[in-house]
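Enquirer: Quick one: the structure is below, and I'll ask about it shortly.
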Amino acid sequence: MENSLGFAHFIFQADAMGLGVLMLLLLLSVASWYLIVTKALANLSANKRAEAFLKEFWEASSLQDMEVTLSVKSDDNAFSALAREALSVSKGNQSGVGKLLAAGGISEYLTRVLRNGIDQESTKVEYGLTVLASAGSAAPFVGLFGTVWGIYHALVQIGMSGQGTLDKVAGPVGEALIMTAVGLAVAIPAVLAYNSFTRRNRIWLAKLDNFAHDLYVLVTVGDKKT
């Protein structure tokens with residue numbers, strides 16, 4: 001009896017509805033862990049690239065030197081992309097070109113450019129958070145549905161047999177408990193990852209906003225001095 005009531009026994013004796021619930025939880029788990037791993041690696045890499053760029057930026061002797069450096073490099077982080085946009089506005093102002101720049105002035109145009117860059121980065125870093133939030137909130141209820149379905153099977157077995165012996169209800173009850181456990185196993189990592197990524201994004205965008213303010217001052221007030 002002990003060997004026959006293993007995890008595989010409860011899974012194989014489940015009906016189509018129970019297997020469907022289990023497959024849904026499995027898909028949510030795979031999607032959650034894929035996003036957790038890929039976003040964690042991407043965030044780590046983005047932080048390293050941003051730190052390297054900011055160090056190089058603040059060690060440059062002038063905005064012109066930084067513009068030359070950016071001209072031979074591709075934008076591999078949000079900070080370098082924002083700096084490139086700001087310097088392009090500065091260059092346009094010096095040459096007297098650009099209809100929007102001439103109409104609105106350097107300050108207003110630069111503000112729009114920087115704000116647009118921050119908004120684009122905000123949209124980018126939010127990728128995948130909806131899936132994690134959905135998995136974290138929906139998985140316990142999906143598991144609960146599987147639990148209810150398993151208990152329903154147990155009641156049916158009792159009704160058909162006329163007695164609530166262990167061999168009649170062990171399978172359905174075991175299925176119900178497994179669904180509850182799987183639902184929690186899917187939801188907990190998703191919720192923790194969502195909270196962690198949300199906090200990281202908030203700090204990241206705050207740093208980007210501060211850098212945008214520095215760029216605004218450098219371009220509108222004057223070149224930075226060492």
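Residue numbering restarts at 1 for every chain of the structure tokens, chains are lettered A, B, ... in their displayed order, and ligands are numbered from 1 as they appear.
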Just the residues within 8 Å of segment 145-147 of chain A, please, counting only C-alpha atoms, with nothing from its chain fewer than 6 positions along; format it as an NGL selection string.
Expert: :A and (18 or 21-22 or 175-180)
Enquirer: Please provide the set of residues having any atom within 9 Å of Ile118 of chain A, restricted to only C-alpha atoms, with same-chain residues fewer than 4 positions apart removed, written as an MDAnalysis selection string.
Expert: chainID A and resid 78 82 113:114 122:123 205 208:209 212
Enquirer: Since we have the selection now, will you write its residues out, keeping N, CA and C atoms, as a PDB file, in the first residue's frame?
Expert:
ATOM      1  N   ALA A  78      20.519  51.907 -20.726  1.00  0.00           N
ATOM      2  CA  ALA A  78      19.591  53.038 -20.798  1.00  0.00           C
ATOM      3  C   ALA A  78      20.290  54.367 -20.580  1.00  0.00           C
ATOM      4  N   LEU A  82      20.257  57.571 -23.134  1.00  0.00           N
ATOM      5  CA  LEU A  82      19.747  58.864 -22.705  1.00  0.00           C
ATOM      6  C   LEU A  82      20.784  59.960 -22.949  1.00  0.00           C
ATOM      7  N   VAL A 113      12.600  65.087 -24.667  1.00  0.00           N
ATOM      8  CA  VAL A 113      13.465  63.992 -25.102  1.00  0.00           C
ATOM      9  C   VAL A 113      13.845  63.098 -23.928  1.00  0.00           C
ATOM     10  N   LEU A 114      14.245  63.708 -22.824  1.00  0.00           N
ATOM     11  CA  LEU A 114      14.655  62.934 -21.654  1.00  0.00           C
ATOM     12  C   LEU A 114      13.470  62.174 -21.048  1.00  0.00           C
ATOM     13  N   SER A 122      11.045  52.592 -18.885  1.00  0.00           N
ATOM     14  CA  SER A 122      10.057  52.086 -17.932  1.00  0.00           C
ATOM     15  C   SER A 122       9.213  50.988 -18.559  1.00  0.00           C
ATOM     16  N   THR A 123       8.818  51.184 -19.803  1.00  0.00           N
ATOM     17  CA  THR A 123       8.058  50.150 -20.509  1.00  0.00           C
ATOM     18  C   THR A 123       8.895  48.896 -20.711  1.00  0.00           C
ATOM     19  N   LEU A 205      14.855  53.188 -12.240  1.00  0.00           N
ATOM     20  CA  LEU A 205      14.255  54.348 -12.882  1.00  0.00           C
ATOM     21  C   LEU A 205      14.541  55.622 -12.094  1.00  0.00           C
ATOM     22  N   LEU A 208      17.943  56.603 -13.178  1.00  0.00           N
ATOM     23  CA  LEU A 208      17.875  57.131 -14.537  1.00  0.00           C
ATOM     24  C   LEU A 208      17.284  58.542 -14.540  1.00  0.00           C
ATOM     25  N   ASP A 209      16.294  58.771 -13.693  1.00  0.00           N
ATOM     26  CA  ASP A 209      15.703  60.103 -13.592  1.00  0.00           C
ATOM     27  C   ASP A 209      16.712  61.110 -13.049  1.00  0.00           C
ATOM     28  N   ALA A 212      19.071  61.902 -15.803  1.00  0.00           N
ATOM     29  CA  ALA A 212      18.428  62.789 -16.770  1.00  0.00           C
ATOM     30  C   ALA A 212      18.457  64.235 -16.275  1.00  0.00           C
TER      31      ALA A 212
END
Enquirer: Might you pull out every residue within 12 Å of Val217 of chain A, with only C-alpha atoms counted and same-chain residues fewer than 2 positions away left off, and present them as a list in words?
Expert: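 Selected residues are Leu63, Ala86, Leu87, Ser90, Ile106, Ser107, Leu110, Thr111, Leu114, Asn210, Phe211, Ala212, His213, Asp214, Leu215, Val219, Thr220, Val221, Gly222, Asp223 and Lys224 of chain A.
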Enquirer: Just write the chosen residues, C-alpha atoms, as a CSV table (one decimal), in the first residue's frame.
Expert:
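Result written to result17.csv:
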chain,number,residue,atom,x,y,z
A,63,LEU,CA,30.6,66.7,-23.2
A,86,ALA,CA,20.7,64.7,-24.8
A,87,LEU,CA,23.9,65.3,-26.7
A,90,SER,CA,22.8,70.0,-27.6
A,106,ILE,CA,16.3,73.9,-26.0
A,107,SER,CA,14.9,73.5,-22.4
A,110,LEU,CA,15.4,68.5,-24.0
A,111,THR,CA,12.8,67.9,-21.3
A,114,LEU,CA,14.7,62.9,-21.7
A,210,ASN,CA,18.5,61.6,-11.5
A,211,PHE,CA,20.9,61.1,-14.4
A,212,ALA,CA,18.4,62.8,-16.8
A,213,HIS,CA,18.4,65.8,-14.4
A,214,ASP,CA,22.2,66.0,-14.5
A,215,LEU,CA,22.1,65.8,-18.3
A,219,VAL,CA,23.2,70.7,-21.6
A,220,THR,CA,21.2,73.8,-20.7
A,221,VAL,CA,23.5,75.5,-18.1
A,222,GLY,CA,26.9,74.6,-19.5
A,223,ASP,CA,29.5,71.9,-20.0
A,224,LYS,CA,30.8,70.1,-16.9
Enquirer: Work out how far apart atom CA of Leu19 of chain A and atom CA of Gly159 of chain A are and give it in Å to one decimal.
Expert: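 One can read the atom CA of Leu19 of chain A to atom CA of Gly159 of chain A distance as 23.0 Å.
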Enquirer: Find, counting only C-alpha atoms, the residue in A:Tyr216, A:Asn201, A:Ala40, A:Thr69 that gets nearest to Tyr109 of chain A.
Expert: A:Tyr216
Enquirer: What does the structure give for the distance between atom CA of Phe53 of chain A and atom CA of Ile203 of chain A, in Å to one decimal?
Expert: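 Interatomic distance here is 17.5 Å.
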Enquirer: Could you tell me how far atom CA of Leu28 of chain A lies from atom CA of Asn47 of chain A, in Å and to one decimal?
Expert: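 It comes out at 27.9 Å.
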Enquirer: Select, from A:Ala206, A:Val131, A:Val37, A:Leu25, the residue with the minimum atom-to-atom distance to Val191 of chain A, counting only C-alpha atoms.
Expert: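 Between A:Ala206, A:Val131, A:Val37, A:Leu25, the residue approaching Val191 of chain A most closely is A:Val131.
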Enquirer: Please identify all polymer residues within 12 Å of Pro189 of chain A, counting only C-alpha atoms, omitting same-chain residues fewer than 2 positions from it, and present them as a list of chain:residue names.
Expert: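 Skipping anything fewer than 2 positions along the chain leaves A:Leu28, A:Ser29, A:Val30, A:Ala31, A:Ser32, A:Trp33, A:Tyr34, A:Leu35, A:Ile36, A:Val37, A:Leu132, A:Ala133, A:Ala135, A:Gly136, A:Ser137, A:Ala139, A:Val182, A:Gly183, A:Leu184, A:Ala185, A:Val186, A:Ala187, A:Val191, A:Leu192, A:Ala193, A:Tyr194, A:Asn195, A:Ser196, A:Phe197.
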Enquirer: What would the file look like if the residues just selected were written as a PDB file, in the first residue's frame with C-alpha atoms?
Expert:
ATOM      1  CA  LEU A  28       2.578  28.902 -15.183  1.00  0.00           C
ATOM      2  CA  SER A  29       5.581  27.534 -13.333  1.00  0.00           C
ATOM      3  CA  VAL A  30       7.703  27.186 -16.489  1.00  0.00           C
ATOM      4  CA  ALA A  31       6.788  30.706 -17.647  1.00  0.00           C
ATOM      5  CA  SER A  32       7.520  32.148 -14.197  1.00  0.00           C
ATOM      6  CA  TRP A  33      10.904  30.502 -13.822  1.00  0.00           C
ATOM      7  CA  TYR A  34      11.881  31.420 -17.385  1.00  0.00           C
ATOM      8  CA  LEU A  35      11.153  35.072 -16.634  1.00  0.00           C
ATOM      9  CA  ILE A  36      12.813  34.903 -13.225  1.00  0.00           C
ATOM     10  CA  VAL A  37      16.070  33.532 -14.636  1.00  0.00           C
ATOM     11  CA  LEU A 132       4.637  36.935 -12.802  1.00  0.00           C
ATOM     12  CA  ALA A 133       1.808  38.876 -11.174  1.00  0.00           C
ATOM     13  CA  ALA A 135       0.985  33.492 -11.868  1.00  0.00           C
ATOM     14  CA  GLY A 136       1.364  34.670  -8.293  1.00  0.00           C
ATOM     15  CA  SER A 137      -2.284  35.655  -7.953  1.00  0.00           C
ATOM     16  CA  ALA A 139      -1.933  29.822  -9.204  1.00  0.00           C
ATOM     17  CA  VAL A 182       1.555  22.666  -6.562  1.00  0.00           C
ATOM     18  CA  GLY A 183      -0.513  25.852  -6.627  1.00  0.00           C
ATOM     19  CA  LEU A 184       1.465  27.278  -3.704  1.00  0.00           C
ATOM     20  CA  ALA A 185       4.766  26.101  -5.206  1.00  0.00           C
ATOM     21  CA  VAL A 186       3.983  28.054  -8.368  1.00  0.00           C
ATOM     22  CA  ALA A 187       2.652  31.174  -6.650  1.00  0.00           C
ATOM     23  CA  VAL A 191       5.217  36.656  -5.957  1.00  0.00           C
ATOM     24  CA  LEU A 192       8.707  36.945  -4.461  1.00  0.00           C
ATOM     25  CA  ALA A 193      10.248  37.544  -7.900  1.00  0.00           C
ATOM     26  CA  TYR A 194       7.593  40.120  -8.800  1.00  0.00           C
ATOM     27  CA  ASN A 195       8.248  42.087  -5.618  1.00  0.00           C
ATOM     28  CA  SER A 196      12.006  41.896  -6.145  1.00  0.00           C
ATOM     29  CA  PHE A 197      11.862  43.019  -9.773  1.00  0.00           C
TER      30      PHE A 197
END
